[in-house]
Amino acid sequence: RKESSAASDVYKRQIDYNALDSLIATLARHAPNLFIDETSDYQNSLIKRVSNCDFTSKIDLIIVFGGDGTLLSSTRKYLEFNIPLLGINMGRVGFLTDINTQNFDSVIQDILINHNYEIEERNLVSASFLDKIVYGLNEIVIHSGGYTQLMRYRLNVNNKVVYEQRSDGLIIATPTGSTAYSMSAGGPILTPNLNALSLVPMFPHTLTSRPIVVDGNSEIKLILANDNHENLQVSCDGHVILTVMPGDEVIIKKSECSIRLIHPLDHDYFNVLRNKLSWGNKLY
């Protein structure tokens with residue numbers, strides 16, 4: 001194992017740089033070789049700035065300071081290199097960046113020095129249409145692209161028709177993304193170890209349409225009706241946005257790519273849910 005680590009993709013609008021400097025100083029005591037991608041605007045004398053190529057060849061762990069959005073950005077940027085990620089939560093929600101700053105020193109020491117950690121693999125989902133293919137860790141969304149504008153489509157799963165309907169769009173979410181946009185749209189929460197995808201219609205024009213959970217190895221096809229308007233969009237994790245046209249077919253399925261998240265040994269997914277979603281109070 002190379003004795004190197006990295007802090008990357010810091011969003012200035014989200015992070016207190018004084019607090020980040022303090023965390024980096026703590027990190028440097030346990031990991032003497034720290035590198036940062038030179039495309040980042042964060043400056044710290046304890047971290048060596050290197051090119052993107054050198055960055056991915058020198059490190060064996062990416063440490064992400066921020067919220068889930070920062071980690072999603074890092075996932076897209078470094079997906080092909082299969083480098084594990086450790087998320088330090090400096091945001092508000094943080095289902096993926098689950099290590100808080102209060103116990104940062106002890107957690108970092110346990111992971112980097114004592115090698116007490118677990119690695120969790122998270123599946124991604126891909127969407128392909130025409131000659132394009134895009135990936136999402138949270139979800140793929142096909143939507144009308146316009147305010148209060150419905151789109152009409154047919155949904156097939158494994159070459160069987162599920163329904164044809166009008167709605168603002170459809171969210172195809174991974175278990176990771178089940179606590180993101182999908183949850184806001186009324187979708188189910190899926191534990192990360194499930195091999196499943198949830199199909200969540202957005203404001204369907206029917207009272208009987210409900211979210212559906214399918215096997216993660218399913219092939220999902222959306223056939224966009226020819227009478228749709230011409231500003232339909234495919235969105236991946238709310239960032240990568242591409243245009244699709246009426247009559248196009250979009251194939252969605254589990255990607256062959258995955259990411260590896262580092263967690264402390266005492267990581268408890270349900271504890272994360274209780275804290276982030278304010279589930280109940282202690283009874284005793």
# chains A, B, ... in the order shown; residues from 1 in each chain; ligands from 1

call {"tool": "residues_around", "arguments": {"residues": "Arg152 in chain A", "least_positions_apart": "3", "cutoff": "10 Å", "atoms": "only C-alpha atoms", "output": "list in words"}}
result
His143, Ser144, Leu155, Glu164, Gln165, Arg166, Ser167, Asp168, Gly169, Pro204, His205, Leu222, Ile223, Leu224, Ala225, Asn226, Asp227, Asn228, His229 and Pro246 of chain A

call {"tool": "closest_atom_pairs", "arguments": {"of": "range 162-201 of chain A", "to": "range 79-103 of chain A", "cutoff": "12 Å", "atoms": "only C-alpha atoms", "output": "CSV"}}
result
residue,atom,partner,partner_atom,distance
A:Pro175,CA,A:Phe95,CA,11.6
A:Thr176,CA,A:Leu96,CA,8.2
A:Gly177,CA,A:Phe95,CA,9.6
A:Ser178,CA,A:Phe95,CA,10.5
A:Thr179,CA,A:Phe95,CA,7.7
A:Ala180,CA,A:Phe95,CA,8.8
A:Thr191,CA,A:Phe95,CA,11.7
A:Pro192,CA,A:Leu96,CA,10.6

call {"tool": "select_by_dssp", "arguments": {"residues": "range 2-240 of chain A", "states": "alpha helix (DSSP H)", "output": "ChimeraX atom specification"}}
result
/A:17-30,52-58,68-78,104-112,181-184

call {"tool": "select_by_dssp", "arguments": {"residues": "range 66-122 of chain A", "states": "strand (DSSP E)", "output": "PyMOL selection string"}}
result
chain A and resi 66+85-89+99-100+118-122

call {"tool": "atom_distance", "arguments": {"atom1": "CA of Lys48 in chain A", "atom2": "CA of Glu118 in chain A"}}
result
27.5 Å

call {"tool": "residues_around", "arguments": {"residues": "Asn156 in chain A", "least_positions_apart": "2", "cutoff": "10 Å", "atoms": "only C-alpha atoms", "output": "list of chain:residue names"}}
result
A:Tyr153, A:Arg154, A:Asn158, A:Asn159, A:Lys160, A:Val161, A:Val162, A:Tyr163, A:Glu164, A:Glu219, A:Ile220, A:Lys221, A:Leu222, A:Ile223, A:Ile251

call {"tool": "residues_around", "arguments": {"residues": "His239 in chain A", "least_positions_apart": "4", "cutoff": "12 Å", "atoms": "only C-alpha atoms", "output": "list in words"}}
result
Gly69, Thr70, Leu72, Ser73, Arg76, Val134, Tyr135, Gly136, Leu137, Asn138, Glu139, Ile140, Val141, Gln233, Val234 and Ser235 of chain A

call {"tool": "write_last_selection", "arguments": {"atoms": "N, CA, C and O atoms", "output": "PDB file, in the first residue's frame"}}
result
ATOM      1  N   GLY A  69     -22.574  16.159  -2.597  1.00  0.00           N
ATOM      2  CA  GLY A  69     -22.347  16.708  -3.926  1.00  0.00           C
ATOM      3  C   GLY A  69     -20.879  16.701  -4.298  1.00  0.00           C
ATOM      4  O   GLY A  69     -20.511  16.421  -5.446  1.00  0.00           O
ATOM      5  N   THR A  70     -20.020  16.991  -3.323  1.00  0.00           N
ATOM      6  CA  THR A  70     -18.584  16.968  -3.574  1.00  0.00           C
ATOM      7  C   THR A  70     -18.110  15.567  -3.876  1.00  0.00           C
ATOM      8  O   THR A  70     -17.285  15.340  -4.765  1.00  0.00           O
ATOM      9  N   LEU A  72     -19.947  13.111  -5.119  1.00  0.00           N
ATOM     10  CA  LEU A  72     -20.455  12.737  -6.429  1.00  0.00           C
ATOM     11  C   LEU A  72     -19.575  13.301  -7.537  1.00  0.00           C
ATOM     12  O   LEU A  72     -19.291  12.636  -8.533  1.00  0.00           O
ATOM     13  N   SER A  73     -19.139  14.537  -7.356  1.00  0.00           N
ATOM     14  CA  SER A  73     -18.247  15.157  -8.334  1.00  0.00           C
ATOM     15  C   SER A  73     -16.932  14.397  -8.435  1.00  0.00           C
ATOM     16  O   SER A  73     -16.419  14.145  -9.539  1.00  0.00           O
ATOM     17  N   ARG A  76     -17.363  11.060 -10.373  1.00  0.00           N
ATOM     18  CA  ARG A  76     -17.360  11.212 -11.834  1.00  0.00           C
ATOM     19  C   ARG A  76     -15.954  11.467 -12.357  1.00  0.00           C
ATOM     20  O   ARG A  76     -15.554  10.944 -13.395  1.00  0.00           O
ATOM     21  N   VAL A 134     -23.849   7.455 -20.407  1.00  0.00           N
ATOM     22  CA  VAL A 134     -23.561   8.285 -19.242  1.00  0.00           C
ATOM     23  C   VAL A 134     -23.811   7.460 -17.983  1.00  0.00           C
ATOM     24  O   VAL A 134     -24.527   6.458 -18.006  1.00  0.00           O
ATOM     25  N   TYR A 135     -23.220   7.915 -16.864  1.00  0.00           N
ATOM     26  CA  TYR A 135     -23.261   7.149 -15.619  1.00  0.00           C
ATOM     27  C   TYR A 135     -23.750   8.023 -14.461  1.00  0.00           C
ATOM     28  O   TYR A 135     -23.487   9.231 -14.417  1.00  0.00           O
ATOM     29  N   GLY A 136     -24.429   7.381 -13.520  1.00  0.00           N
ATOM     30  CA  GLY A 136     -24.842   8.064 -12.312  1.00  0.00           C
ATOM     31  C   GLY A 136     -24.639   7.177 -11.095  1.00  0.00           C
ATOM     32  O   GLY A 136     -24.897   5.966 -11.163  1.00  0.00           O
ATOM     33  N   LEU A 137     -24.159   7.742 -10.020  1.00  0.00           N
ATOM     34  CA  LEU A 137     -24.059   7.016  -8.755  1.00  0.00           C
ATOM     35  C   LEU A 137     -25.401   7.035  -8.036  1.00  0.00           C
ATOM     36  O   LEU A 137     -25.819   6.037  -7.449  1.00  0.00           O
ATOM     37  N   ASN A 138     -26.087   8.172  -8.084  1.00  0.00           N
ATOM     38  CA  ASN A 138     -27.395   8.291  -7.447  1.00  0.00           C
ATOM     39  C   ASN A 138     -28.536   7.844  -8.357  1.00  0.00           C
ATOM     40  O   ASN A 138     -29.336   6.996  -7.988  1.00  0.00           O
ATOM     41  N   GLU A 139     -28.608   8.453  -9.533  1.00  0.00           N
ATOM     42  CA  GLU A 139     -29.762   8.202 -10.384  1.00  0.00           C
ATOM     43  C   GLU A 139     -29.535   8.681 -11.805  1.00  0.00           C
ATOM     44  O   GLU A 139     -28.671   9.511 -12.074  1.00  0.00           O
ATOM     45  N   ILE A 140     -30.359   8.134 -12.674  1.00  0.00           N
ATOM     46  CA  ILE A 140     -30.576   8.651 -14.025  1.00  0.00           C
ATOM     47  C   ILE A 140     -32.008   9.186 -14.049  1.00  0.00           C
ATOM     48  O   ILE A 140     -32.930   8.507 -13.595  1.00  0.00           O
ATOM     49  N   VAL A 141     -32.183  10.398 -14.549  1.00  0.00           N
ATOM     50  CA  VAL A 141     -33.515  10.992 -14.654  1.00  0.00           C
ATOM     51  C   VAL A 141     -33.776  11.349 -16.110  1.00  0.00           C
ATOM     52  O   VAL A 141     -32.961  12.021 -16.743  1.00  0.00           O
ATOM     53  N   GLN A 233     -34.757  15.676 -21.670  1.00  0.00           N
ATOM     54  CA  GLN A 233     -33.384  15.628 -21.161  1.00  0.00           C
ATOM     55  C   GLN A 233     -33.124  14.367 -20.356  1.00  0.00           C
ATOM     56  O   GLN A 233     -34.014  13.821 -19.704  1.00  0.00           O
ATOM     57  N   VAL A 234     -31.871  13.916 -20.414  1.00  0.00           N
ATOM     58  CA  VAL A 234     -31.355  12.865 -19.540  1.00  0.00           C
ATOM     59  C   VAL A 234     -30.381  13.523 -18.581  1.00  0.00           C
ATOM     60  O   VAL A 234     -29.443  14.210 -18.998  1.00  0.00           O
ATOM     61  N   SER A 235     -30.596  13.308 -17.289  1.00  0.00           N
ATOM     62  CA  SER A 235     -29.758  13.920 -16.259  1.00  0.00           C
ATOM     63  C   SER A 235     -29.149  12.833 -15.384  1.00  0.00           C
ATOM     64  O   SER A 235     -29.837  11.880 -15.005  1.00  0.00           O
TER      65      SER A 235
END

call {"tool": "atom_distance", "arguments": {"atom1": "CA of Leu232 in chain A", "atom2": "CA of Pro201 in chain A"}}
result
15.2 Å

call {"tool": "closest_residue", "arguments": {"among": "A:Ala196, A:Leu23, A:Val157, A:Val213", "to": "Val125 in chain A", "atoms": "only C-alpha atoms"}}
result
A:Ala196
